[in-house]
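A short write-up of the structure that comes next.
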There are 2 protein chains.
Amino acid sequence: MAVYTEISDDELAAFLAQYELGELLSCKGIAEGVENSNFLLATAQGNFILTLYEKRVDPADLPYFLGLMEHLAARGLPCPTPIHGQDGVALRTLAGKPAAIVTFLPGLWPRTVRVGHCAPLGEALARLHEAGADFAPRRANALGPSGWRPLFERSRARADSVREGLAEEVGSALDAVLAAWPGGLPQGHIHGDLFPDNVFFRAEAVSGLIDFYFACTDALAYDIAVCLNAWCFEPDGSFNVTKSRALLAGYQRRRALAPAEKAALPTLAAGAALRFLLTRLFDWLHHDPAAFVTPKDPLEYLRKLRFHRAARGPGDYGLD
Amino acid sequence: MAVYTEISDDELAAFLAQYELGELLSCKGIAEGVENSNFLLATAQGNFILTLYEKRVDPADLPYFLGLMEHLAARGLPCPTPIHGQDGVALRTLAGKPAAIVTFLPGLWPRTVRVGHCAPLGEALARLHEAGADFAPRRANALGPSGWRPLFERSRARADSVREGLAEEVGSALDAVLAAWPGGLPQGHIHGDLFPDNVFFRAEAVSGLIDFYFACTDALAYDIAVCLNAWCFEPDGSFNVTKSRALLAGYQRRRALAPAEKAALPTLAAGAALRFLLTRLFDWLHHDPAAFVTPKDPLEYLRKLRFHRAARGPGDYGLD
């Protein structure tokens with residue numbers, strides 16, 4: 001929950017004067033999202049989301065993120081559409097931060113993931129991958145395999161303060177996963193962070209995919225691997241293969257996985273678990289106690305990593 | 001900024017099934033308010049506010065608060081109206097907390113108070129006092145003069161850790177203010193906490209008065225004294241008599257102050273400053289460092305208290 005930046009009355013009025021949204025009826029900070037400041041704007045034209053991009057987002061990446069959202073929305077994907085001002089510009093500055101207004105999407109993200117969410121999620125992810133195919137810009141995955149070892153080095157010395165033996169276990173998992181990392185898989189634009197709080201549903205149909213601020217160009221199947229980690233484990237740490245089977249079947253209703261993608265799934269899933277383990281470990285060891293955000297438990301992803309490393313093959317995820 | 005309680009999907013669905021608001025399109029926690037958890041609901045019928053009452057609110061007081069809001073709204077005051085379920089009930093339980101849905105009010109609260117806000121504020125406060133005249137329930141002011149000394153006793157021993165000499169200065173101010181406290185002033189329902197973040201404006205017209213969870217039965221002029229503290233000091237600590245003159249003139253456009261109310265204004269204003277000084281001092285000394293809320297500076301109100309104690313009479317507030 002976070003609103004990091006206060007906006008003055010005059011700044012907000014001057015900012016909104018550049019759009020054609022009608023009278024501003026309300027502006028309320030939203031207590032969700034840990035990276036940016038988000039405000040729900042109620043205007044004469046309806047509801048919108050105003051985002052101020054905080055320090056974790058590189059302003060140089062914003063044209064890619066906003067361009068991708070606009071591209072995907074134009075192809076019918078239910079993702080936020082950046083609103084352009086009268087000057088045609090969608091990305092500008094407010095209270096000293098990069099800022100944009102996007103459309104408001106109806107729906108609720110599932111606080112509890114049910115099996116019924118997983119097939120629609122998989123299908124929406126495949127639609128995202130399809131719709132992105134003709135978006136020309138590229139962005140390297142800053143949190144992809146080449147970034148994991150440097151990230152680990154920034155936490156390694158203190159890793160065992162979180163759990164005895166963690167540095168060694170993560171180090172050897174890193175070696176193994178990087179050695180097995182597949183090349184040549186189909187590439188494209190991936191969301192990269194499609195956790196339940198980034199997916200809105202109406203009943204059990206996907207009505208919104210949000211938060212594209214980790215999107216990048218990478219193996220499409222890696223995006224599935226992120227979702228397997230984020231959607232298919234139960235709160236007690238057990239892996240729900242019924243959920244993963246539904247997710248993969250939903251995905252393949254729109255885009256069939258190549259044999260190499262299927263075979264790589266355990267490695268990709270272990271890599272995705274490492275990525276979240278490493279960023280959470282870093283945040284755990286380096287977080288500011290005065291910040292509003294409580295760091296997330298890195299060990300949740302250690303347990304997930306162990307599951308993936310022990311997997312015998314794609315069959316353990318419900319793939320035939 | 002605060003959302004203290006997470007609501008599960010099933011709890012929310014079961015709760016909303018008791019109302020006739022149509023499909024729930026969105027539920028977002030609002031990063032405002034320090035006492036309760038607030039959610040903005042977008043439904044097929046429009047926007048609403050869902051509030052979960054947290055530990056600072058005594059559930060026994062909620063019928064008074066909700067009844068007062070409903071009474072005032074029915075008389076045309078722009079305050080939230082509690083929404084009744086199909087069973088006629090407005091106050092029920094959600095996620096183990098007392099909870100209610102109220103209407104959504106358009107408008108923005110002023111981050112920067114301008115002189116132009118103060119007359120409409122004063123007039124809205126007088127309308128609130130008028131509209132409450134025939135609301136029969138009563139609620140004693142738990143944070144009124146009889147509560148200040150016990151509150152001070154819970155902070156006195158550590159007060160000087162905030163500022164050298166604070167305990168003595170507050171103690172002697174308490175003695176003087178309580179000795180001078182006026183009896184017999186016109187009584188009624190007061191808001192008790194009408195700070196800028198509880199007043200919405202469209203242009204410079206008041207469009208909403210919210211957060212009635214300190215409302216009680218007390219001297220009407222004490223409510224004005226709270227507003228003088230909350231609206232008429234500049235960020236540098238100076239008192240802006242142009243603002244207070246506008247506020248008092250706006251108020252008197254609807255309700256003329258009696259001579260005894262005018263004469264009591266410096267004492268009432270000093271008492272209101274003491275009330276916020278004491279609650280802030282208590283929160284400062286007792287707050288949980290792990291909580292999301294940063295305690296407010298008690299010394300802001302020491303400076304205000306000094307101004308009021310030095311006032312020569314109502315003329316110092318712009319009253320003739």
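Numbering starts fresh at 1 for the residues of each chain in the structure tokens, the chains themselves are lettered A, B, ... in the order given, and ligands are numbered from 1 as they appear.
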With a cut-off of 10 Å and counting only C-alpha atoms, select all residues of chain B in contact with chain A and give the selection as a ChimeraX atom specification. /B:1-3,6-10,23-32,38-40,42-43,46-47,104-113,200-203,207,289-294
CA of Ala273 (chain A) to CA of Ala230 (chain A) measures 9.2 Å
Quick one: pick out all strand (DSSP E or B) residues within region 26-199 of chain A from a backbone DSSP run and write them as a PyMOL selection string. chain A and resi 26-30+37-43+46-52+82+92-94+97-103+108+187-190+199
Would you mind listing what lies within 10 Å of Arg75 (chain A) as a list in words, with only C-alpha atoms counted and same-chain residues fewer than 2 positions away left out?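 Surrounding residues, per the criterion: Met69, Glu70, His71, Leu72, Ala73, Leu77, Pro78, Arg127, Leu128, Glu130, Ala131 and Gly132 of chain A.
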Quick check for you: according to DSSP on this backbone, which residues of region 35-274 of chain A are classed as alpha helix (DSSP H)? Reply as a ChimeraX atom specification. /A:62-74,115-131,145-153,156-162,166-180,220-231,241-254,259-274
For those residues, write C-alpha atoms to a file as an mmCIF file, in the first residue's frame.
```cif
data_model
loop_
_atom_site.group_PDB
_atom_site.id
_atom_site.type_symbol
_atom_site.label_atom_id
_atom_site.label_comp_id
_atom_site.auth_asym_id
_atom_site.auth_seq_id
_atom_site.Cartn_x
_atom_site.Cartn_y
_atom_site.Cartn_z
ATOM 1 C CA LEU A 62 8.371 4.393 -19.819
ATOM 2 C CA PRO A 63 7.845 4.921 -23.560
ATOM 3 C CA TYR A 64 8.251 1.140 -23.988
ATOM 4 C CA PHE A 65 5.786 0.313 -21.190
ATOM 5 C CA LEU A 66 3.160 2.836 -22.276
ATOM 6 C CA GLY A 67 3.631 1.993 -25.949
ATOM 7 C CA LEU A 68 3.184 -1.712 -25.248
ATOM 8 C CA MET A 69 0.003 -1.112 -23.222
ATOM 9 C CA GLU A 70 -1.417 1.047 -25.981
ATOM 10 C CA HIS A 71 -0.494 -1.552 -28.609
ATOM 11 C CA LEU A 72 -2.072 -4.398 -26.649
ATOM 12 C CA ALA A 73 -5.223 -2.438 -25.792
ATOM 13 C CA ALA A 74 -5.668 -1.515 -29.463
ATOM 14 C CA VAL A 115 -8.884 -23.450 -10.047
ATOM 15 C CA GLY A 116 -11.526 -21.609 -12.071
ATOM 16 C CA HIS A 117 -9.256 -18.573 -12.364
ATOM 17 C CA CYS A 118 -6.355 -20.464 -13.896
ATOM 18 C CA ALA A 119 -7.592 -21.386 -17.380
ATOM 19 C CA PRO A 120 -8.835 -17.836 -18.108
ATOM 20 C CA LEU A 121 -5.521 -16.522 -16.803
ATOM 21 C CA GLY A 122 -3.550 -18.839 -19.100
ATOM 22 C CA GLU A 123 -5.671 -17.879 -22.069
ATOM 23 C CA ALA A 124 -5.274 -14.155 -21.328
ATOM 24 C CA LEU A 125 -1.506 -14.598 -21.116
ATOM 25 C CA ALA A 126 -1.447 -16.302 -24.531
ATOM 26 C CA ARG A 127 -3.558 -13.455 -25.942
ATOM 27 C CA LEU A 128 -1.051 -10.984 -24.527
ATOM 28 C CA HIS A 129 1.791 -12.859 -26.226
ATOM 29 C CA GLU A 130 -0.075 -13.002 -29.542
ATOM 30 C CA ALA A 131 -1.112 -9.363 -29.450
ATOM 31 C CA PRO A 145 19.130 -14.808 -15.967
ATOM 32 C CA SER A 146 22.075 -12.514 -16.682
ATOM 33 C CA GLY A 147 20.990 -10.294 -13.795
ATOM 34 C CA TRP A 148 20.599 -12.984 -11.152
ATOM 35 C CA ARG A 149 24.221 -13.553 -10.241
ATOM 36 C CA PRO A 150 25.018 -9.836 -9.748
ATOM 37 C CA LEU A 151 21.828 -9.498 -7.720
ATOM 38 C CA PHE A 152 22.814 -12.464 -5.582
ATOM 39 C CA GLU A 153 26.264 -11.008 -4.971
ATOM 40 C CA ARG A 156 25.146 -13.264 -0.493
ATOM 41 C CA ALA A 157 27.212 -12.190 2.500
ATOM 42 C CA ARG A 158 24.125 -11.597 4.638
ATOM 43 C CA ALA A 159 21.883 -14.302 3.161
ATOM 44 C CA ASP A 160 22.506 -16.704 6.035
ATOM 45 C CA SER A 161 21.135 -14.107 8.465
ATOM 46 C CA VAL A 162 17.751 -14.847 6.899
ATOM 47 C CA LEU A 166 20.644 -19.997 2.314
ATOM 48 C CA ALA A 167 23.725 -18.597 0.541
ATOM 49 C CA GLU A 168 24.984 -22.056 -0.359
ATOM 50 C CA GLU A 169 21.614 -23.375 -1.456
ATOM 51 C CA VAL A 170 20.870 -20.381 -3.643
ATOM 52 C CA GLY A 171 24.398 -20.380 -5.052
ATOM 53 C CA SER A 172 24.223 -23.980 -6.163
ATOM 54 C CA ALA A 173 20.688 -23.549 -7.522
ATOM 55 C CA LEU A 174 21.937 -20.572 -9.529
ATOM 56 C CA ASP A 175 24.775 -22.634 -10.993
ATOM 57 C CA ALA A 176 22.460 -25.462 -11.949
ATOM 58 C CA VAL A 177 19.666 -23.325 -13.389
ATOM 59 C CA LEU A 178 22.005 -21.097 -15.392
ATOM 60 C CA ALA A 179 23.840 -24.159 -16.769
ATOM 61 C CA ALA A 180 20.524 -25.686 -17.868
ATOM 62 C CA LEU A 220 7.368 -16.344 -23.858
ATOM 63 C CA ALA A 221 7.388 -19.546 -21.831
ATOM 64 C CA TYR A 222 9.232 -17.727 -19.038
ATOM 65 C CA ASP A 223 6.070 -15.650 -18.528
ATOM 66 C CA ILE A 224 4.172 -18.918 -17.987
ATOM 67 C CA ALA A 225 6.821 -19.974 -15.497
ATOM 68 C CA VAL A 226 6.256 -16.776 -13.515
ATOM 69 C CA CYS A 227 2.531 -17.516 -13.433
ATOM 70 C CA LEU A 228 3.086 -21.106 -12.286
ATOM 71 C CA ASN A 229 4.953 -19.713 -9.300
ATOM 72 C CA ALA A 230 2.457 -16.962 -8.581
ATOM 73 C CA TRP A 231 -0.830 -18.810 -9.096
ATOM 74 C CA VAL A 241 -1.186 -29.430 -10.229
ATOM 75 C CA THR A 242 -4.892 -29.036 -11.028
ATOM 76 C CA LYS A 243 -4.308 -25.276 -11.174
ATOM 77 C CA SER A 244 -1.174 -25.595 -13.304
ATOM 78 C CA ARG A 245 -2.880 -28.035 -15.675
ATOM 79 C CA ALA A 246 -5.756 -25.565 -16.083
ATOM 80 C CA LEU A 247 -3.361 -22.660 -16.598
ATOM 81 C CA LEU A 248 -1.346 -24.509 -19.252
ATOM 82 C CA ALA A 249 -4.457 -25.816 -20.996
ATOM 83 C CA GLY A 250 -5.943 -22.318 -21.060
ATOM 84 C CA TYR A 251 -2.727 -20.980 -22.549
ATOM 85 C CA GLN A 252 -2.578 -23.688 -25.199
ATOM 86 C CA ARG A 253 -6.132 -23.015 -26.289
ATOM 87 C CA ARG A 254 -4.643 -19.984 -28.022
ATOM 88 C CA PRO A 259 8.286 -29.274 -27.491
ATOM 89 C CA ALA A 260 11.358 -27.316 -26.407
ATOM 90 C CA GLU A 261 9.197 -24.967 -24.348
ATOM 91 C CA LYS A 262 7.501 -27.873 -22.617
ATOM 92 C CA ALA A 263 10.796 -29.589 -21.882
ATOM 93 C CA ALA A 264 12.240 -26.377 -20.443
ATOM 94 C CA LEU A 265 9.352 -25.741 -18.095
ATOM 95 C CA PRO A 266 10.962 -27.045 -14.867
ATOM 96 C CA THR A 267 14.112 -24.993 -15.527
ATOM 97 C CA LEU A 268 12.137 -21.883 -16.444
ATOM 98 C CA ALA A 269 9.999 -22.282 -13.329
ATOM 99 C CA ALA A 270 13.080 -22.726 -11.139
ATOM 100 C CA GLY A 271 14.566 -19.614 -12.755
ATOM 101 C CA ALA A 272 11.416 -17.614 -12.095
ATOM 102 C CA ALA A 273 11.441 -18.778 -8.471
ATOM 103 C CA LEU A 274 15.077 -17.658 -8.210
#
```
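Residues surrounding Asp58 (chain A) within 12 Å are Glu35, Asn36, Tyr53, Glu54, Leu62, Pro63, Tyr64, Phe65, Lys97, Pro98, Arg139, Ala142, Tyr213 and Phe214 of chain A [only C-alpha atoms; sequence separation below 4 positions excluded].
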With C-alpha atoms retained, could you export that selection as a PDB file, in the first residue's frame?
```pdb
ATOM      1  CA  GLU A  35       6.399   0.519  -6.853  1.00  0.00           C
ATOM      2  CA  ASN A  36       4.492   3.640  -7.872  1.00  0.00           C
ATOM      3  CA  TYR A  53       6.415   6.681 -11.466  1.00  0.00           C
ATOM      4  CA  GLU A  54       8.673   6.438  -8.459  1.00  0.00           C
ATOM      5  CA  LEU A  62       8.371   4.393 -19.819  1.00  0.00           C
ATOM      6  CA  PRO A  63       7.845   4.921 -23.560  1.00  0.00           C
ATOM      7  CA  TYR A  64       8.251   1.140 -23.988  1.00  0.00           C
ATOM      8  CA  PHE A  65       5.786   0.313 -21.190  1.00  0.00           C
ATOM      9  CA  LYS A  97       7.811  12.641 -11.280  1.00  0.00           C
ATOM     10  CA  PRO A  98       7.024  11.067 -14.639  1.00  0.00           C
ATOM     11  CA  ARG A 139      13.452  -4.039 -23.843  1.00  0.00           C
ATOM     12  CA  ALA A 142      16.802  -6.501 -16.435  1.00  0.00           C
ATOM     13  CA  TYR A 213       6.298  -2.058 -15.458  1.00  0.00           C
ATOM     14  CA  PHE A 214       8.366  -5.233 -15.575  1.00  0.00           C
TER      15      PHE A 214
END
```
Length of the CA of Tyr301 (chain A) to CA of Glu11 (chain B) vector [Å]: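 The value is 28.3 Å.
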So what do you get for CA of Phe195 (chain B) versus CA of Leu257 (chain B), distance-wise?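 Calculated distance between CA of Phe195 (chain B) and CA of Leu257 (chain B) is 21.1 Å.
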Find the residues around region 182-188 of chain B up to 6 Å (only C-alpha atoms counted), leave out those fewer than 2 positions away in its own chain, and share them as a list in words.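 With the cut-off at 6 Å, the set is Thr217, Asp218, Ala219 and Leu220 of chain B.
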Would you write out those residues with C-alpha atoms, as a compact mmCIF listing (two decimals), in the first residue's frame?
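Output file out32.txt is given in full below:
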```txt
# COMPACT_ATOMS: atom_id res chain seq x y z
CA THR B 217 -22.74 16.94 21.63
CA ASP B 218 -20.87 20.00 22.87
CA ALA B 219 -20.65 23.78 22.59
CA LEU B 220 -21.20 24.73 18.96
```
